[in-house]
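Some notes on the structure that comes next.
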Amino acid sequence: MAGPLAGIKVVDLTRVLAGPFCTMTLADLGAEVVKVEKPGSGDDSRAFGPHQHGESAYFMSINRGKKSLTLDLKSEKGREVLLKLVAQADVLVENFKPGVMQKLGLGYEALSKINPRLIYCASSGFGQTGPYSSRPAYDLIIQGMGGLMSITGPDASQPTKVGSSIADIFAGVFSAIGILSALHARHTSGRGQMVDIAMLDCMVSILENAVARYTVSGVDPVPIGNRHPSIAPFASIKTSDGYINIACGNDVLWSKLCEIIERPDLAQDPRYLTNRGRCDHMTELLPVLNDAMSLFSSDFWLEKLAAGHVPAGPINSISQVLNDPQVLARKMVVEMAHPVAGMIKIPGSPLNLSDTPAEVKLPAPVLGQHNEEILQMLGYSGEQIAELKEVNAI
């Protein structure tokens, strides 16, 4: 079945993570994505380990479903090929530092003259405007500058980044949202437009209750481990063989928890009668819960809590996630045959549409795998393609 973006053509000039995550999402939704890479080395992430039969597992996990075309954009011949691609495209995505595409003569203004319907998405660390616009950025830098590290970790003395590259990934997600919005607007206007996405903007947008707490109280939020600043108990609790997460979002769930752990006295304690009280006294309450629940195993408590309808869950390792029956039932682990790496497992798509579902159809491409196919589609003869090779334009 064709995906919801079937017929949409995307030129992907991105590399590493933020841009490739965006274009991977578009590919999962049915768009035809041509990934333009540097001849010889390709996307920087092709060098990131671990490798399987010489192919980067990192690269393969975020570039599925795309076609690879090698082009030297610094060469006149390479730029000629790109302009032909752009003339037929619906979307172009790039994550160069602001100004790079303009220097190549490939900025939005130039390309929109060739194709007025083009959606041009530029994803960068700080966006196309502002005093930091020209600065380079990586996920760690943005997690720090965006405030996320100031509220993550065990305590204020140990600022901690999130375990996945969340600044990059959210930039990719918001890029996809911006592109889809621009495509929808094009139905009415008939025109394309530029989508300007900054990693720092994306980080600020997901700070959630931290901003609300500061603006109301005037006090900077600090890391409090796995606890929640406004809900209690909402934390990791110690068992006899590890930890589990428990989330009591209201007083009824709190009372149920007290019954299950056979501490009904806690539900009657004046300090813990209300959510506000429990939040205020969580430093006293947490050790009590740890003592009560450390008598039995995680599996024991998870079964009891599930039976009592108290929200709780394990803290899974990656191997446990990949074998979780719910994850497997939702097809969030996909096994694919790569032409060089062989069988690989990658995350599936979380986008479930009833009539036009997203689908992981093809593995990530080998560097330059689709050069001849794409160039022939653009009208290049075998002789012309050989000439492009000879001058290292592809």
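Letters A, B, ... mark the chains of the structure tokens in the order given; residue numbers begin at 1 per chain; ligand numbers begin at 1, in order shown.
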Nearby residues (only C-alpha atoms) at most 8 Å from segment 239-242 of chain A, same-chain spacing under 2 positions excluded, as a PyMOL selection string: chain A and resi 237+244+290+293-298
Backbone-only DSSP, helix (DSSP H, G or I) members of segment 112-283 of chain A, as an MDAnalysis selection string: chainID A and resid 112:114 139:145 148:151 166:189 199:205 209:217 251:260 264:268 270:272 275:280 282:283
Hey, what's within 6 Å of segment 361-378 of chain A if we count only C-alpha atoms and toss same-chain stuff fewer than 5 positions away? As a PyMOL selection string, please? chain A and resi 60+63-65+67-70+338
Between atom CA of Thr152 of chain A and atom CA of Val219 of chain A, what is the distance, to one decimal in Å?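 Atom-to-atom, atom CA of Thr152 of chain A and atom CA of Val219 of chain A are spaced 16.1 Å apart.
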For Val321 of chain A, please output as a PyMOL selection string all residues within 10 Å (counting only C-alpha atoms; exclusion window: fewer than 6 positions along the same chain). chain A and resi 315+327-328+332-333
Write out, as an mmCIF file, in the first residue's frame, the residues just selected, with C-alpha atoms.
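again.cif, freshly written:
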data_model
loop_
_atom_site.group_PDB
_atom_site.id
_atom_site.type_symbol
_atom_site.label_atom_id
_atom_site.label_comp_id
_atom_site.auth_asym_id
_atom_site.auth_seq_id
_atom_site.Cartn_x
_atom_site.Cartn_y
_atom_site.Cartn_z
ATOM 1 C CA ILE A 315 13.553 -0.178 33.760
ATOM 2 C CA VAL A 327 7.322 -3.550 21.205
ATOM 3 C CA LEU A 328 7.338 -6.574 18.898
ATOM 4 C CA MET A 332 8.931 -1.474 16.406
ATOM 5 C CA VAL A 333 11.808 -3.844 15.655
#
If you run DSSP over the backbone, which residues in segment 140-256 of chain A end up strand (DSSP E or B)? Put them as an MDAnalysis selection string. chainID A and resid 194:198 234:239 242:247
For N, CA and C atoms, I'd like the residues from the last selection saved as a compact mmCIF listing (two decimals), in the first residue's frame.
# COMPACT_ATOMS: atom_id res chain seq x y z
N MET A 194 10.32 28.43 2.72
CA MET A 194 11.48 27.97 3.48
C MET A 194 11.05 27.60 4.89
N VAL A 195 11.58 26.49 5.37
CA VAL A 195 11.35 26.03 6.74
C VAL A 195 12.69 26.14 7.48
N ASP A 196 12.74 26.96 8.51
CA ASP A 196 13.98 27.24 9.24
C ASP A 196 13.87 26.61 10.64
N ILE A 197 14.61 25.53 10.86
CA ILE A 197 14.54 24.79 12.13
C ILE A 197 15.88 24.86 12.85
N ALA A 198 15.84 25.26 14.12
CA ALA A 198 17.06 25.36 14.94
C ALA A 198 16.99 24.36 16.09
N PHE A 234 6.22 9.55 42.11
CA PHE A 234 6.44 9.43 40.67
C PHE A 234 7.94 9.28 40.56
N ALA A 235 8.42 8.03 40.72
CA ALA A 235 9.86 7.84 40.94
C ALA A 235 10.26 6.39 40.71
N SER A 236 11.57 6.17 40.72
CA SER A 236 12.13 4.81 40.69
C SER A 236 12.25 4.32 42.12
N ILE A 237 11.66 3.15 42.39
CA ILE A 237 11.62 2.59 43.75
C ILE A 237 12.46 1.32 43.80
N LYS A 238 13.21 1.16 44.85
CA LYS A 238 14.11 0.01 44.99
C LYS A 238 13.34 -1.25 45.37
N THR A 239 13.68 -2.36 44.71
CA THR A 239 13.14 -3.67 45.06
C THR A 239 14.30 -4.56 45.51
N GLY A 242 16.52 -4.82 42.15
CA GLY A 242 16.71 -3.72 41.20
C GLY A 242 15.80 -2.55 41.52
N TYR A 243 15.28 -1.94 40.46
CA TYR A 243 14.38 -0.80 40.61
C TYR A 243 13.21 -0.95 39.65
N ILE A 244 12.06 -0.38 40.03
CA ILE A 244 10.94 -0.25 39.12
C ILE A 244 10.43 1.19 39.19
N ASN A 245 9.71 1.60 38.16
CA ASN A 245 9.12 2.94 38.16
C ASN A 245 7.66 2.87 38.57
N ILE A 246 7.26 3.79 39.44
CA ILE A 246 5.87 3.88 39.89
C ILE A 246 5.40 5.31 39.69
N ALA A 247 4.18 5.47 39.17
CA ALA A 247 3.63 6.81 38.93
C ALA A 247 2.21 6.88 39.48
Considering only C-alpha atoms, return as a ChimeraX atom specification whatever protein or nucleic-acid residues lie within 9 Å of Val173 of chain A, sequence-local ones (same chain, fewer than 2 positions apart) excluded. /A:18,21-22,25,168-171,175-178
Preceding selection exported with N, CA and C atoms as a short mmCIF file (atom, residue, chain, number, x, y, z; two decimals), in the first residue's frame:
data_model
loop_
_atom_site.label_atom_id
_atom_site.label_comp_id
_atom_site.auth_asym_id
_atom_site.auth_seq_id
_atom_site.Cartn_x
_atom_site.Cartn_y
_atom_site.Cartn_z
N ALA A 18 20.25 14.89 12.71
CA ALA A 18 19.01 15.68 12.70
C ALA A 18 18.31 15.61 11.34
N PHE A 21 17.30 11.97 10.22
CA PHE A 21 16.12 11.46 10.95
C PHE A 21 14.85 12.02 10.33
N CYS A 22 14.89 13.29 9.94
CA CYS A 22 13.74 13.90 9.27
C CYS A 22 13.44 13.19 7.95
N THR A 25 12.02 9.74 8.21
CA THR A 25 10.60 9.78 8.53
C THR A 25 9.76 10.01 7.28
N ASP A 168 19.21 16.55 18.52
CA ASP A 168 19.21 16.24 17.09
C ASP A 168 17.88 15.64 16.66
N ILE A 169 17.40 14.68 17.45
CA ILE A 169 16.20 13.95 17.05
C ILE A 169 14.98 14.86 17.02
N PHE A 170 14.84 15.73 18.03
CA PHE A 170 13.70 16.64 18.00
C PHE A 170 13.80 17.64 16.86
N ALA A 171 15.02 18.04 16.50
CA ALA A 171 15.17 18.90 15.33
C ALA A 171 14.69 18.17 14.08
N SER A 175 11.50 19.30 11.97
CA SER A 175 11.73 19.55 10.53
C SER A 175 10.67 18.84 9.71
N ALA A 176 10.38 17.59 10.06
CA ALA A 176 9.35 16.84 9.33
C ALA A 176 7.98 17.51 9.48
N ILE A 177 7.67 17.98 10.69
CA ILE A 177 6.39 18.68 10.90
C ILE A 177 6.33 19.95 10.06
N GLY A 178 7.43 20.70 10.03
CA GLY A 178 7.47 21.93 9.23
C GLY A 178 7.28 21.65 7.75
#
Top pick for closest residue to Leu140 of chain A, considering A:Val93, A:Val86, A:Val334, A:Met203 and counting only C-alpha atoms: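 Comparing A:Val93, A:Val86, A:Val334, A:Met203 against Leu140 of chain A, the winner is A:Met203.
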Quick one: everything within 7 Å of Leu71 of chain A, counting only C-alpha atoms, minus sequence neighbours fewer than 3 positions away in the same chain. Send it as a list in words.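 My list of contacting residues is Val36, Glu37, Lys38, Pro39, Gly78, Ala393 and Ile394 of chain A.
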Polymer residues at most 10 Å from Val391 of chain A, only C-alpha atoms, same-chain spacing of 3 or more positions, as a PyMOL selection string: chain A and resi 72+75+77-78+386-388+394
Counting only C-alpha atoms, figure out which residue out of A:Ala307, A:Ser181, A:Thr356, A:Glu284 gets nearest to Leu257 of chain A.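 Closest candidate: A:Ala307.
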Using only C-alpha atoms, pick whichever of A:Leu285, A:Leu253, A:Ile385, A:Ile179 has the shortest atom-to-atom distance to Leu5 of chain A. A:Ile179
Of the candidates A:Asp251, A:Tyr272, A:Gly147, A:Phe126, which shows the shortest atom-to-atom distance to Asp201 of chain A, using only C-alpha atoms?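 Using only C-alpha atoms, the shortest distance to Asp201 of chain A belongs to A:Phe126.
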Residue among A:Ala122, A:Cys202, A:Leu82, A:Val222 lying closest to Met149 of chain A, counting only C-alpha atoms: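 Among the listed residues, the smallest separation from Met149 of chain A belongs to A:Val222.
Remark: for Ser157 of chain A, the closest of the candidate residues A:Leu17, A:Met145, A:Ile224, A:Ala137 is A:Ile224 (distances computed over only C-alpha atoms).
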